[in-house]
Amino acid sequence: MISRKVLITGSFAVGKTSLFNRFIHNTFSERYLTTIGVKVDKKEVAINGQDVSLVLWDIAGEVSQEKVPRTYFLGASAVVYVFDLSRPNTLKNMEADLKLIQKTLPGCLIKVIGNKKDLVSEEELIIMKRQIPETYLFTSAKTGENVEGLFLSLGAQLVEKKDLD
Amino acid sequence: MVHPGQIPNEQALLEEVRDILLRKDRETLQRLEDILDQRGQLAERVVPIIEEQLEHFKEHFPVAYRHTVERLIERKLKESQEELLNLIYPILGKMIRKYIAQQLQALRESVEVQIKQSFLGRLRARLSGVRESDIIISQAAGLRVEEAYVIGQHSGLLLGSASLHPTIDKELIAGMLTAIKSFVIDAFQRGDAELEMINYGNYQILIQDFYTYYIALAVNGALTAGEKEELSEQMFNFADRELARKIDPDDPAFHLHLQEKLRLYFIEKTLA
């Protein structure tokens with residue numbers, strides 16, 4: 001079993017916690033998110049016979065906000081950056097946020113997720129896909145679409161990275 | 001060989017001339033072969049030369065290879081920075097703690113003398129009929145380390161744990177504890193100060209920071225300053241003996257080793 005710290009972050013109300021809740025069984029109360037600004041949970045996935053424990057840190061608030069303790073980011077192997085497909089302005093800070101993450105966590109694996117897929121039409125999705133890199137994944141925390149896949153691919157990439165190291 | 005009266009054969013003559021001319025060289029060659037074939041003789045000749053060269057090497061090594069060695073050491077130090085700090089941290093910590101403990105002991109002794117001599121101290125002992133030391137011992141009864149963790153300093157990932165009773169997932173405890181610790185440090189911004197203890201009711205979590213990890217002990221029972229000191233000392237000893245090395249968080253054998261050692265050091269040990 002290998003363990004890796006994974007951060008879930010992004011703009012306000014993009015469905016970070018819903019994504020988190022879709023994937024894991026909650027151990028701690030969500031009150032922690034409003035008290036200390038983070039909630040930790042975990043999900044174990046098996047990747048080609050290798051058990052991976054993803055210790056997920058759901059961080060309240062935005063990356064660029066000063067009130068989010070920088071130390072929450074330290075030691076993370078991967079970051080899931082979430083934006084809301086139905087609110088394009090949630091992409092506004094992404095570039096600066098990703099730069100800050102890369103600076104704080106050099107070499108860290110970053111996954112960008114467009115959430116709330118269920119709220120946009122197929123046409124809107126096609127337009128959106130033309131504007132953003134192919135590696136971005138679209139999910140719906142509401143229907144569960146691509147959520148399990150997101151964390152499985154994350155686990156696989158982390159195992160691959162470990163093997164390369 | 002040509003004898004007198006014989007017509008010298010040209011070939012034999014040539015052979016004789018070659019023999020005369022090369023005799024000395026052949027003898028020299030034979031001597032050299034003998035030397036090379038016999039280990040003792042060879043050693044007799046070669047060893048002094050090697051020794052002389054070694055002596056020369058020893059004398060000139062610092063000058064000729066200083067920069068190369070310096071570069072090698074520098075590189076090794078950079079590569080093993082974490083390992084070195086893990087090694088040094090507990091030792092330095094112990095030295096500092098020892099000094100502070102000595103100073104505190106001196107202060108405590110002086111305060112105790114004054115209390116004993118004071119009217120209040122004598123009155124308290126007389127009224128209760130119990131000595132101060134006995135009160136302290138009775139308060140300490142039931143004191144127990146119930147859980148022990150070694151946790152990655154920033155990642156909050158669990159490196160090892162042991163507990164007296166079953167608890168919720170230990171990886172989650174390690175993560176949340178690290179989050180709380182980070183929150184306190186960021187929120188109050190007291191420079192290099194670290195969170196050392198969390199209290200609730202009769203339960204305390206003692207935290208001791210090291211370079212790449214920290215140790216947390218969950219203690220049930222009222223903890224006196226002396227007991228806190230003792231546990232702190234135990235944590236430093238534990239780090240010095242079990243964690244002063246390169247830590248591989250992905251090694252399952254390392255996790256098992258830590259689990260066993262944490263159990264022996266803290267869970268099965270009762271405080272003096």
# chains A, B, ... in the order shown; residues from 1 in each chain; ligands from 1
$ closest_atom_pairs --of "chain A" --to "chain B" --cutoff "7 Å" --atoms "only C-alpha atoms" --output "JSON lines"
{"residue": "A:Ile2", "atom": "CA", "partner": "B:Asp250", "partner_atom": "CA", "distance": 5.4}
{"residue": "A:Ser3", "atom": "CA", "partner": "B:Leu157", "partner_atom": "CA", "distance": 6.9}
{"residue": "A:Lys5", "atom": "CA", "partner": "B:Ser155", "partner_atom": "CA", "distance": 6.2}
{"residue": "A:Ile36", "atom": "CA", "partner": "B:Phe183", "partner_atom": "CA", "distance": 6.3}
{"residue": "A:Val40", "atom": "CA", "partner": "B:Met176", "partner_atom": "CA", "distance": 5.8}
{"residue": "A:Asp41", "atom": "CA", "partner": "B:Leu172", "partner_atom": "CA", "distance": 6.0}
{"residue": "A:Pro69", "atom": "CA", "partner": "B:Asp186", "partner_atom": "CA", "distance": 5.8}
{"residue": "A:Thr71", "atom": "CA", "partner": "B:Ser182", "partner_atom": "CA", "distance": 5.9}
{"residue": "A:Tyr72", "atom": "CA", "partner": "B:Ala179", "partner_atom": "CA", "distance": 6.6}
{"residue": "A:Leu74", "atom": "CA", "partner": "B:His154", "partner_atom": "CA", "distance": 5.3}
{"residue": "A:Gly75", "atom": "CA", "partner": "B:Ser155", "partner_atom": "CA", "distance": 3.9}
{"residue": "A:Ala76", "atom": "CA", "partner": "B:Ser155", "partner_atom": "CA", "distance": 5.9}
$ atom_distance --atom1 "CA of Met235 in chain B" --atom2 "CA of Lys42 in chain A"
27.9 Å
$ select_by_dssp --residues "chain A" --states "strand (DSSP E or B)" --output "VMD selection string"
chain A and resid 2 to 10 38 to 47 50 to 59 78 to 84 109 to 115 137 to 138
$ residues_around --residues "Gly10 in chain A" --least-positions-apart "2" --cutoff "12 Å" --atoms "only C-alpha atoms" --output "PyMOL selection string"
chain A and resi 7-8+12-17+19+58-65+68+79-84+89-98+101+110-115
$ select_by_dssp --residues "range 1-237 of chain B" --states "helix (DSSP H, G or I)" --output "JSON, numbers by chain"
{"B": [10, 11, 12, 13, 14, 15, 16, 17, 18, 19, 20, 21, 22, 23, 24, 25, 26, 27, 28, 29, 30, 31, 32, 33, 34, 35, 36, 37, 39, 40, 41, 42, 43, 44, 45, 46, 47, 48, 49, 50, 51, 52, 53, 54, 55, 56, 57, 58, 59, 60, 61, 62, 63, 64, 65, 66, 67, 68, 69, 70, 71, 72, 73, 74, 75, 76, 77, 78, 79, 81, 82, 83, 84, 85, 86, 87, 88, 89, 90, 91, 92, 93, 94, 95, 96, 97, 98, 99, 100, 101, 102, 103, 104, 105, 106, 107, 108, 109, 110, 111, 112, 113, 114, 115, 116, 117, 119, 120, 121, 122, 123, 124, 125, 126, 127, 128, 132, 133, 134, 135, 136, 137, 138, 139, 140, 170, 171, 172, 173, 174, 175, 176, 177, 178, 179, 180, 181, 182, 183, 184, 185, 186, 187, 188, 225, 226, 227, 228, 229, 230, 231, 232, 233, 234, 235, 236, 237]}
$ atom_distance --atom1 "CA of Cys108 in chain A" --atom2 "CA of Ala78 in chain A"
5.4 Å
$ residues_around --residues "Tyr214 in chain B" --least-positions-apart "5" --cutoff "8 Å" --atoms "only C-alpha atoms" --output "ChimeraX atom specification"
/B:150-153,207-209
$ residues_around --residues "Leu243 in chain B" --least-positions-apart "6" --cutoff "9 Å" --atoms "only C-alpha atoms" --output "list in words"
Asn86, Leu87, Pro90 and Leu258 of chain B
$ atom_distance --atom1 "CA of Leu104 in chain B" --atom2 "CA of Ala244 in chain B"
27.7 Å
$ residues_around --residues "Ile47 in chain A" --least-positions-apart "5" --cutoff "12 Å" --atoms "only C-alpha atoms" --output "compact mmCIF listing (two decimals) with C-alpha atoms, in the first residue's frame"
# COMPACT_ATOMS: atom_id res chain seq x y z
CA MET A 1 0.00 0.00 0.00
CA ILE A 2 1.31 3.43 -0.87
CA VAL A 52 -3.07 3.19 -3.31
CA SER A 53 -4.45 5.20 -0.43
CA LEU A 54 -5.47 8.63 -1.65
CA GLY A 149 -12.62 7.44 -13.31
CA PHE A 151 -9.63 9.22 -9.02
CA LEU A 152 -8.67 5.93 -10.65
CA SER A 153 -6.64 7.71 -13.32
CA LEU A 154 -5.11 9.88 -10.61
CA GLY A 155 -4.11 6.75 -8.66
CA ALA A 156 -2.65 5.18 -11.82
CA GLN A 157 -0.58 8.28 -12.57
CA LEU A 158 0.70 8.40 -9.01
CA VAL A 159 1.76 4.73 -9.17
CA GLU A 160 3.45 5.40 -12.50
$ closest_atom_pairs --of "range 39-100 of chain B" --to "range 226-232 of chain B" --cutoff "12 Å" --atoms "only C-alpha atoms" --output "CSV"
residue,atom,partner,partner_atom,distance
B:Pro90,CA,B:Ser232,CA,11.1
B:Gly93,CA,B:Ser232,CA,10.3
B:Lys94,CA,B:Ser232,CA,9.6
B:Arg97,CA,B:Glu229,CA,9.1
B:Lys98,CA,B:Glu229,CA,10.3
B:Ile100,CA,B:Glu229,CA,10.7
